[in-house]
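S.K.: I have a structure I would like to understand better, so I am pasting it below and will then ask my questions one at a time.
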Amino acid sequence: MSESGKSSAPLKTSAFKIPGEGSSLLISVITMFSLLGLWTLITSMGWVKPLFLPSPQAVFTQFYEYLTGAANDKPLWEHFAASMLRVFGAFFLACLFAIPVGIAMGMSRVWRGIFDPPIELYRPLPPLAYLPLIIIWFGIDEMPKVLLIFLSCFAPLAMAARSGMRSASQEQMNAAYSMGASYSQVIRHVVLPAALPEILVGMRVAIGFGWSTLVAAEMVAANVGLGQMVLNASNFLRTDIVVMGIIVIGVVAYGFDLLMRVVENRLVPWKGRM
């Protein structure tokens with residue numbers, strides 16, 4: 001057969017497929033078990049003193065004692081419930097106020113001029129920088145704890161909502177207007193759905209900031225909470241309790257992030273497929 005008559009073989013693309021969620025999960029599991037094995041090896045060989053790095057067995061023992069109430073402290077569920085109430089209460093309030101503020105900033109130059117300077121002024125500041133001022137203004141009750149976490153969540157939520165409002169293309173809005181949609185209908189049915197992916201990403205980032213601020217927030221005269229448990233244990237050099245508390249805080253934050261991914265896949269299934 002001549003060169004021109006030869007039929008080209010179909011290109012095999014299976015070798016270029018991007019690994020799916022199953023393979024990614026397997027790699028994550030292998031990574032976690034590898035880190036756990038390395039941790040066990042280091043502590044069992046005595047390469048690091050238990051004061052600086054306790055063994056996994058010691059950390060698990062503390063977790064079991066706190067879980068069953070056998071520890072010389074409040075049970076783990078009390079610390080967990082107090083921290084969850086503070087973090088998610090502040091996170092809910094931040095969503096309630098920051099998302100409308102971000103939407104307003106994305107829609108109007110006036111609102112952007114009003115809210116942008118104060119948000120950009122305090123956004124880079126670490127929470128410990130303005131913690132003393134919050135204590136002076138609001139005392140040492142629950143208010144300053146929730147307010148500190150609220151402020152750490154507010155900025156990323158507002159900035160994400162503002163950025164999301166620019167996601168809708170001008171062609172989409174013009175198409176909606178040409179079909180007789182009003183301004184409010186364009187905002188509701190075109191702009192907000194386009195902004196939703198960015199807002200959900202902002203929520204994931206904000207809850208991470210909230211959990212990272214937890215220890216600082218519970219420094220304010222708290223007698224219960226995961227952050228307070230870690231802080232109190234560090235004062236007595238109980239590294240096993242400190243590591244246990246850090247792992248619990250990290251696992252809860254990761255669990256919420258996974259939940260937000262599920263919500264994101266349900267609410268914005270078109271993300272990444274356009």
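Here's how to read the names in the structure tokens: chain A, B, ... by the order shown, residue numbers from 1 in each chain, ligand numbers from 1 in the order shown.
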Would you list the contacts of segment 67-69 of chain A as a count of residues only, taking every protein, DNA or RNA residue within 12 Å and counting only C-alpha atoms, but skipping same-chain residues closer than 3 positions in sequence?

M.R.: 17

S.K.: Which residue, A:Arg86, A:Arg204, A:Arg266, A:Arg162, has the smallest gap to Asp141 of chain A when you use only C-alpha atoms?

M.R.: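 Ranking A:Arg86, A:Arg204, A:Arg266, A:Arg162 by distance to Asp141 of chain A, first place goes to A:Arg86.
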
S.K.: I need the residue nearest Lys145 of chain A from this list: A:Gln172, A:Thr40, A:Ser167, A:Gln228. Use only C-alpha atoms for the distance.

M.R.: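 Of A:Gln172, A:Thr40, A:Ser167, A:Gln228, the one nearest Lys145 of chain A is A:Gln228, counting only C-alpha atoms.
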
S.K.: Skip Gly227 of chain A itself and residues of its chain fewer than 2 positions away, then list as a CSV table (one decimal) with C-alpha atoms, in the first residue's frame all residues within 7 Å of it, counting only C-alpha atoms.

M.R.:
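New file part21.csv:
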```
chain,number,residue,atom,x,y,z
A,214,LEU,CA,-7.8,28.8,67.8
A,215,VAL,CA,-4.8,28.5,70.1
A,218,GLU,CA,-8.1,30.4,73.7
A,225,GLY,CA,-10.9,24.1,74.5
A,229,MET,CA,-5.5,22.1,76.3
A,230,VAL,CA,-2.4,22.4,74.1
A,231,LEU,CA,-1.3,25.6,75.7
```

S.K.: Take atom CA of Val110 of chain A and atom CA of Phe92 of chain A and report the distance between them in Å, one decimal.

M.R.: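 Computed distance, atom CA of Val110 of chain A to atom CA of Phe92 of chain A, equals 26.0 Å.
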
S.K.: Counting only C-alpha atoms, figure out which residue out of A:Met107, A:Ile249, A:Leu35, A:Leu200 gets nearest to Val263 of chain A.

M.R.: A:Leu200

S.K.: Write out as a PyMOL selection string the set of residues from segment 132-249 of chain A that DSSP, computed on the backbone, places in alpha helix (DSSP H).

M.R.: chain A and resi 132-138+142-164+170-178+183-186+192-212+214-217+226-235+239-249

S.K.: Each residue of segment 127-245 of chain A with at least one atom at most 12 Å from segment 97-105 of chain A should appear once, together with its nearest atom pair and the corresponding distance in Å (one decimal); atoms considered: only C-alpha atoms; ordering: chain, then increasing residue number; output as CSV.

M.R.:
```
residue,atom,partner,partner_atom,distance
A:Phe150,CA,A:Ala98,CA,9.7
A:Leu151,CA,A:Ala98,CA,9.7
A:Ser152,CA,A:Ala98,CA,11.1
A:Cys153,CA,A:Ala98,CA,8.5
A:Phe154,CA,A:Ala98,CA,5.4
A:Ala155,CA,A:Ala98,CA,7.3
A:Pro156,CA,A:Ala98,CA,8.6
A:Leu157,CA,A:Ala98,CA,5.8
A:Ala158,CA,A:Gly102,CA,4.2
A:Met159,CA,A:Gly102,CA,6.0
A:Ala160,CA,A:Gly102,CA,7.2
A:Ala161,CA,A:Gly102,CA,4.6
A:Arg162,CA,A:Gly102,CA,4.3
A:Ser163,CA,A:Gly102,CA,8.0
A:Gly164,CA,A:Ile103,CA,8.1
A:Met165,CA,A:Ile103,CA,6.4
A:Arg166,CA,A:Ile103,CA,9.7
A:Ser167,CA,A:Ile103,CA,11.8
A:Ile187,CA,A:Ile103,CA,10.0
A:Arg188,CA,A:Ile103,CA,11.5
A:Val191,CA,A:Ile103,CA,9.8
A:Leu192,CA,A:Ile103,CA,8.6
A:Ala194,CA,A:Ile103,CA,11.9
A:Ala195,CA,A:Ile103,CA,8.9
A:Leu196,CA,A:Ile99,CA,10.4
A:Glu198,CA,A:Ile99,CA,10.8
A:Ile199,CA,A:Ile99,CA,7.6
A:Leu200,CA,A:Ile99,CA,10.3
A:Gly202,CA,A:Ile99,CA,9.4
A:Met203,CA,A:Ile99,CA,9.5
A:Ala206,CA,A:Ala98,CA,10.6
```

S.K.: Write to file, as a CSV table (one decimal), in the first residue's frame, the residues of the selection just made, with C-alpha atoms.

M.R.:
```csv
chain,number,residue,atom,x,y,z
A,150,PHE,CA,-14.1,36.1,63.2
A,151,LEU,CA,-11.5,38.6,62.1
A,152,SER,CA,-9.2,35.8,60.9
A,153,CYS,CA,-12.0,34.4,58.7
A,154,PHE,CA,-13.5,37.7,57.5
A,155,ALA,CA,-10.7,38.9,55.2
A,156,PRO,CA,-10.3,35.7,53.1
A,157,LEU,CA,-14.0,35.3,52.7
A,158,ALA,CA,-14.5,38.9,51.6
A,159,MET,CA,-11.6,38.8,49.2
A,160,ALA,CA,-12.8,35.5,47.7
A,161,ALA,CA,-16.3,36.9,47.2
A,162,ARG,CA,-15.0,40.1,45.6
A,163,SER,CA,-12.8,38.0,43.3
A,164,GLY,CA,-15.7,35.7,42.4
A,165,MET,CA,-17.9,38.6,41.3
A,166,ARG,CA,-15.5,39.1,38.4
A,167,SER,CA,-15.8,35.5,37.2
A,187,ILE,CA,-26.8,39.2,39.5
A,188,ARG,CA,-28.8,36.3,40.9
A,191,VAL,CA,-23.0,36.6,38.5
A,192,LEU,CA,-23.6,34.8,41.8
A,194,ALA,CA,-20.2,32.3,38.6
A,195,ALA,CA,-18.8,33.6,41.9
A,196,LEU,CA,-19.9,30.6,43.9
A,198,GLU,CA,-14.5,31.3,44.4
A,199,ILE,CA,-16.7,31.8,47.5
A,200,LEU,CA,-16.5,28.1,48.4
A,202,GLY,CA,-12.7,31.2,50.3
A,203,MET,CA,-14.7,29.3,52.9
A,206,ALA,CA,-11.2,30.9,56.0
```

S.K.: Could you check the closest approach to Met143 of chain A for each of A:Val224, A:Ile42, A:Ala90, A:Leu237 and tell me which residue wins, using only C-alpha atoms?

M.R.: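 Comparing A:Val224, A:Ile42, A:Ala90, A:Leu237 against Met143 of chain A, the winner is A:Ala90.
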
S.K.: Residues within 10 Å of Ala217 of chain A, please, as number ranges by chain. Count only C-alpha atoms; anything in the same chain fewer than 2 positions from it doesn't count.

M.R.: A: 83, 86-87, 127-128, 131, 142, 144-149, 210-215, 219-222, 225, 227-228

S.K.: Save out the residues we just selected, C-alpha atoms, as a short mmCIF file (atom, residue, chain, number, x, y, z; two decimals), in the first residue's frame.

M.R.:
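Just written: selection-v9.cif:
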```cif
data_model
loop_
_atom_site.label_atom_id
_atom_site.label_comp_id
_atom_site.auth_asym_id
_atom_site.auth_seq_id
_atom_site.Cartn_x
_atom_site.Cartn_y
_atom_site.Cartn_z
CA SER A 83 -13.57 24.83 70.37
CA ARG A 86 -16.11 29.10 69.04
CA VAL A 87 -14.65 28.33 65.62
CA PRO A 127 -3.93 37.61 65.18
CA LEU A 128 -1.52 37.91 68.11
CA LEU A 131 -5.10 40.30 70.45
CA GLU A 142 -16.15 34.57 75.13
CA PRO A 144 -12.82 38.34 72.33
CA LYS A 145 -12.23 34.67 71.50
CA VAL A 146 -15.01 34.58 68.92
CA LEU A 147 -14.07 38.04 67.61
CA LEU A 148 -10.44 37.03 67.04
CA ILE A 149 -11.46 33.98 65.02
CA GLY A 210 -10.00 30.00 61.98
CA TRP A 211 -8.49 26.77 63.25
CA SER A 212 -4.97 28.20 63.11
CA THR A 213 -6.16 31.11 65.28
CA LEU A 214 -7.78 28.76 67.79
CA VAL A 215 -4.78 28.49 70.13
CA MET A 219 -5.12 32.15 75.32
CA VAL A 220 -7.68 34.69 76.53
CA ALA A 221 -8.55 33.29 79.97
CA ALA A 222 -10.02 30.06 78.62
CA GLY A 225 -10.95 24.10 74.53
CA GLY A 227 -6.22 25.30 72.09
CA GLN A 228 -6.30 25.75 75.86
#
```

S.K.: Looking at A:Ala168, A:Ile119, A:Met173, A:Ile27, which one is nearest to Gln185 of chain A, with distances taken over only C-alpha atoms?

M.R.: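 So, comparing all the options, the nearest one is A:Met173.
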